[in-house]
Amino acid sequence: MKNILLVLQREYLVRVKKKSFIIMTFLAPLLFVGFYAAVIWIAVGSTDTKTVQVLDESGLFANQFKNTEELRFVSIQQTLDTAKAQFQRGDANALVFIPENVLDNPKGVRIYAAKNVSLDLKSDIEKTIERQIENIKLTEAGITRKVLEDARVNVSSETISLNEEGEKSSSSGAATAIGGICAFLIYISVFVYGTQVMRGVTEEKTSRIVEVIISSVKPYQLMMGKIIGVALVGLTQFVLWIVLTVLLTSAAGAIFGSKMGDDPEKMQAQMEQVQKGMPGAGMNPATTAMSGADNNPVTEVLEAVGSLNIPYIIACFLFYYLGGYLLYSALFGAVGAAVDNDADTQQFMMPITLPIVFSFVFAQMALRDPDGSLAFWTSIIPFTSPIVMMVRIPFGVPIWELALSMVLLVLGFMGTTWLAARIYRVGILMYGKKVTYKELAKWIFYKA
Amino acid sequence: MNILETHHIIKDYSGHRALDDVSISIPKGCIFGLLGPNGAGKTSLIRIINQITGPDGGTIIFDGQPLHENHIRRIGYLPEERGLYKKMKVGEQLLYLAQLKGLSKSEAMDKLKIWFTKFDIKTWWDKNVADLSKGMQQKVQFVSTVLHQPDLIILDEPFSGFDPINANLIRDEILELRQKGSTIIFSTHRMETVEELCDNIALIHRSKKVLDGPKEVIKEQFKTNTFFVEYSGELNGLTSQYTVQNARQLPTGFSRADISLPPGTSANHLIQELIAQVEIHSFGENIPTMSDIFMRAVNEVPES
């Protein structure tokens, strides 16, 4: 046990002290926050006003175009040809031409611009014209806009999940987001850290230190020390990322908040826009603080997230991260032991990476149907369960299914670790031999 | 008293017997040469002693007890294929390896200080192993092998990669370790090393032990009762029981010949005969070198 600890300690410290680890750990949150800041900056910053000339031959659109921060509409009264000629000399950004017969021929509307017009401007103008034509036609038919507005109902259903604890408001949207994020994180980290274990083993083998080490510790101890050490590196990185991201976003939020203080409404509108464009953004406490208004989609998501049992989900996440990682990293370690250098790993990687990739595909299906039979079976089988079960957990999973899945996962990684250890102890001392699957199978049954 | 005894060790790899009924005894405090051609099974035997692998048959007694996991700490092993963590600092690495051998951090630190002073390598502590030359890495590895003052030190080709100065340095350390009570097993092909350092040897060939015992006794066994004589004058007509071989003229003007005697006869009669014919400048018995013995022992075993 003491030996495992010593190995573990070395594996952990060597990796944590690496420049690449430190850079990744500090850069990733910076990039994340920087990305946020850039998006916000662009959204907030692009406020130079564009002038749009409106040549309205129909006379139906007087004062219908509302000036905004970005757009200023100027009505002109000329023939189209003079207007075009003047437009080319003037400094207006766009010229809108509405023909006299626009009611009968709505397609006759033209937008002239020196450069291409942004989609936003185009749809803005189109909507205004559409709405006005609609109004006119409705009035002609005897219906006012007021009547129409009353008739429109905004439906937003609330999902209520029923269980032993009674009614609990939940949001399938939030569950989907959290399940998806957790599954993705496990998927990525099994790959990243599994590969690190494999590299570590091959490094020891190619540098030939392994013979020195295993004259002091048992191969099994060396393997376990390495696997657990790398697992802790992963955990450290996760924790640091979460802490740093929260700290940085609050700091960035504070700076932006004070800058935009003079125009809070606009600020909030833009923040919402930013957040809508980004899945999972609602989870960020810092941005929450900035958009404190009621009844907007962001707060709805936040409330929904709050309704989920977050500590329970985190506990499950950690369990399945460790379980999935242990199950696969043992196999990665065995591959590292079986070959002489990184280049030879390819042929043995396939059977390991396939189930991981499939898990991720199954997980996406499970997102759509979390209680289907495919989701059920793949969340029970140890090779796919770490990723698929994480998708199902936010939707609520019966205790017996969760227990069965966890027990099988523990048995699963005990099994792969046993198998890997048997390949490992033979492989690390085997040099210059082209290893085949048949050979590997033989190693498993070698006596120690 | 033997520090290590192996009794009837058998080791099988798939379809190949690497060790076949190998029994050797290594007396405490000696330097023991484990000899044999490439692929004879030396490394297999060493790995079994180091408990890297287990034997398929036979027993091993370490210092009076059956070999046990705890004995690992009393053994130091320098494998033929040297290896250290390339991207780890020399000091950290040695501390780590020492702790794996059961030393506490402070014990290891104290001992390392002594060795770093002795080898004059204090400036290496914070260097990465990859930045050291091959010979420097060898020194570091030697330190890691003997740092925990093992009772049994197993050195596989310890001098390969060293220049003569450093080879001497290491040789002196080995002798000093023996002085302090350690037993040393050498696995080597270099017969001059065996000649110079070893007290006892065992020769393994084709998975079997073909020879073992104290070096001098073995040499005695391999003597052919042949004598050399350097002389001036004309040597002709010795009694028929003597066979003269390799009579030749030396650059010094003397002649030299090897003369073999029938088993059991003394050299005194030969000397008497020689004195009558020539002037003797030098006379002595031809003692077989370890190299001769190695060649003969290996060639005597029929190919199976």
# chains A, B, ... in the order shown; residues from 1 in each chain; ligands from 1
>>> residues_around(residues="Leu30 of chain A", least_positions_apart="2", cutoff="10 Å", atoms="only C-alpha atoms", output="PyMOL selection string")
chain A and resi 24-28+32-36+241+244-245+248-249
>>> write_last_selection(atoms="C-alpha atoms", output="PDB file, in the first residue's frame")
ATOM      1  CA  MET A  24      -3.987  24.399 -19.618  1.00  0.00           C
ATOM      2  CA  THR A  25      -5.403  24.778 -16.143  1.00  0.00           C
ATOM      3  CA  PHE A  26      -5.080  28.541 -16.117  1.00  0.00           C
ATOM      4  CA  LEU A  27      -5.562  29.213 -19.789  1.00  0.00           C
ATOM      5  CA  ALA A  28      -8.779  27.273 -20.301  1.00  0.00           C
ATOM      6  CA  PHE A  32     -13.596  30.699 -21.673  1.00  0.00           C
ATOM      7  CA  VAL A  33     -14.036  34.024 -19.943  1.00  0.00           C
ATOM      8  CA  GLY A  34     -12.230  35.850 -22.714  1.00  0.00           C
ATOM      9  CA  PHE A  35     -14.600  34.324 -25.223  1.00  0.00           C
ATOM     10  CA  TYR A  36     -17.530  35.511 -23.146  1.00  0.00           C
ATOM     11  CA  TRP A 241     -11.368  24.971 -13.731  1.00  0.00           C
ATOM     12  CA  LEU A 244     -11.179  29.746 -11.649  1.00  0.00           C
ATOM     13  CA  THR A 245     -14.060  30.118 -14.075  1.00  0.00           C
ATOM     14  CA  LEU A 248     -12.926  35.120 -13.379  1.00  0.00           C
ATOM     15  CA  THR A 249     -16.503  35.488 -14.552  1.00  0.00           C
TER      16      THR A 249
END
>>> closest_atom_pairs(of="chain A", to="chain B", cutoff="6 Å", atoms="only C-alpha atoms", output="CSV")
residue,atom,partner,partner_atom,distance
A:Ser207,CA,B:Gly83,CA,5.2
A:Arg208,CA,B:Gly83,CA,4.4
A:Ile209,CA,B:Gly83,CA,4.1
A:Ser215,CA,B:Asn50,CA,5.7
A:Ser216,CA,B:Lys101,CA,5.9
A:Ala448,CA,B:Gly54,CA,5.9
>>> write_last_selection(atoms="N, CA and C atoms", output="PDB file, in the first residue's frame")
ATOM      1  N   SER A 207      11.966   3.913 -21.736  1.00  0.00           N
ATOM      2  CA  SER A 207      13.143   4.426 -21.033  1.00  0.00           C
ATOM      3  C   SER A 207      13.772   3.335 -20.169  1.00  0.00           C
ATOM      4  N   ARG A 208      13.162   2.174 -20.138  1.00  0.00           N
ATOM      5  CA  ARG A 208      13.710   0.979 -19.466  1.00  0.00           C
ATOM      6  C   ARG A 208      13.812   1.124 -17.962  1.00  0.00           C
ATOM      7  N   ILE A 209      13.152   2.138 -17.424  1.00  0.00           N
ATOM      8  CA  ILE A 209      13.236   2.255 -15.966  1.00  0.00           C
ATOM      9  C   ILE A 209      12.368   1.201 -15.311  1.00  0.00           C
ATOM     10  N   SER A 215      11.611  -4.079  -9.677  1.00  0.00           N
ATOM     11  CA  SER A 215      12.388  -4.864  -8.721  1.00  0.00           C
ATOM     12  C   SER A 215      12.145  -4.316  -7.312  1.00  0.00           C
ATOM     13  N   SER A 216      11.408  -3.205  -7.211  1.00  0.00           N
ATOM     14  CA  SER A 216      11.055  -2.663  -5.890  1.00  0.00           C
ATOM     15  C   SER A 216       9.570  -2.781  -5.580  1.00  0.00           C
ATOM     16  N   ALA A 448       2.381 -16.043 -12.849  1.00  0.00           N
ATOM     17  CA  ALA A 448       3.172 -14.854 -12.487  1.00  0.00           C
ATOM     18  C   ALA A 448       4.653 -15.182 -12.415  1.00  0.00           C
TER      19      ALA A 448
END
>>> residues_around(residues="Cys182 of chain A", least_positions_apart="6", cutoff="8 Å", atoms="only C-alpha atoms", output="PyMOL selection string")
chain A and resi 317+387+390-391
>>> residues_around(residues="Gly39 of chain B", least_positions_apart="5", cutoff="12 Å", atoms="only C-alpha atoms", output="PyMOL selection string")
chain B and resi 16-19+44-45+189+204-208
>>> select_by_dssp(residues="segment 19-57 of chain A", states="alpha helix (DSSP H)", output="number ranges by chain")
A: 19-45
>>> write_last_selection(atoms="C-alpha atoms", output="compact mmCIF listing (two decimals), in the first residue's frame")
# COMPACT_ATOMS: atom_id res chain seq x y z
CA LYS A 19 4.16 23.43 -17.74
CA SER A 20 1.46 22.12 -20.05
CA PHE A 21 -0.76 21.23 -17.11
CA ILE A 22 -0.33 24.63 -15.49
CA ILE A 23 -0.89 26.44 -18.77
CA MET A 24 -3.99 24.40 -19.62
CA THR A 25 -5.40 24.78 -16.14
CA PHE A 26 -5.08 28.54 -16.12
CA LEU A 27 -5.56 29.21 -19.79
CA ALA A 28 -8.78 27.27 -20.30
CA PRO A 29 -10.85 29.41 -17.89
CA LEU A 30 -9.18 32.53 -19.27
CA LEU A 31 -10.09 31.50 -22.80
CA PHE A 32 -13.60 30.70 -21.67
CA VAL A 33 -14.04 34.02 -19.94
CA GLY A 34 -12.23 35.85 -22.71
CA PHE A 35 -14.60 34.32 -25.22
CA TYR A 36 -17.53 35.51 -23.15
CA ALA A 37 -16.03 38.96 -22.80
CA ALA A 38 -15.39 39.20 -26.52
CA VAL A 39 -18.96 38.24 -27.37
CA ILE A 40 -20.33 40.74 -24.87
CA TRP A 41 -17.94 43.41 -26.08
CA ILE A 42 -18.98 42.96 -29.67
CA ALA A 43 -22.65 42.91 -28.75
CA VAL A 44 -22.34 46.02 -26.63
CA GLY A 45 -19.77 47.82 -28.67
>>> residues_around(residues="segment 230-242 of chain B", least_positions_apart="4", cutoff="7 Å", atoms="only C-alpha atoms", output="JSON, numbers by chain")
{"B": [254, 255, 256, 257, 259, 260, 261, 262, 277, 278, 279, 280, 281, 282, 283]}
>>> write_last_selection(atoms="C-alpha atoms", output="short mmCIF file (atom, residue, chain, number, x, y, z; two decimals), in the first residue's frame")
data_model
loop_
_atom_site.label_atom_id
_atom_site.label_comp_id
_atom_site.auth_asym_id
_atom_site.auth_seq_id
_atom_site.Cartn_x
_atom_site.Cartn_y
_atom_site.Cartn_z
CA PHE B 254 65.00 -16.81 -26.49
CA SER B 255 62.85 -19.73 -27.50
CA ARG B 256 59.61 -20.74 -25.91
CA ALA B 257 57.66 -23.94 -25.88
CA ILE B 259 55.18 -28.94 -22.86
CA SER B 260 52.36 -31.14 -21.67
CA LEU B 261 52.83 -33.89 -19.16
CA PRO B 262 50.83 -37.06 -18.67
CA GLN B 277 69.78 -29.69 -22.74
CA VAL B 278 69.14 -25.93 -22.56
CA GLU B 279 69.53 -22.92 -20.37
CA ILE B 280 66.19 -22.14 -18.68
CA HIS B 281 65.22 -18.50 -18.37
CA SER B 282 61.70 -18.99 -17.18
CA PHE B 283 59.47 -21.90 -16.31
#
>>> atom_distance(atom1="atom CA of Ile380 of chain A", atom2="atom CA of Ser405 of chain A")
4.5 Å
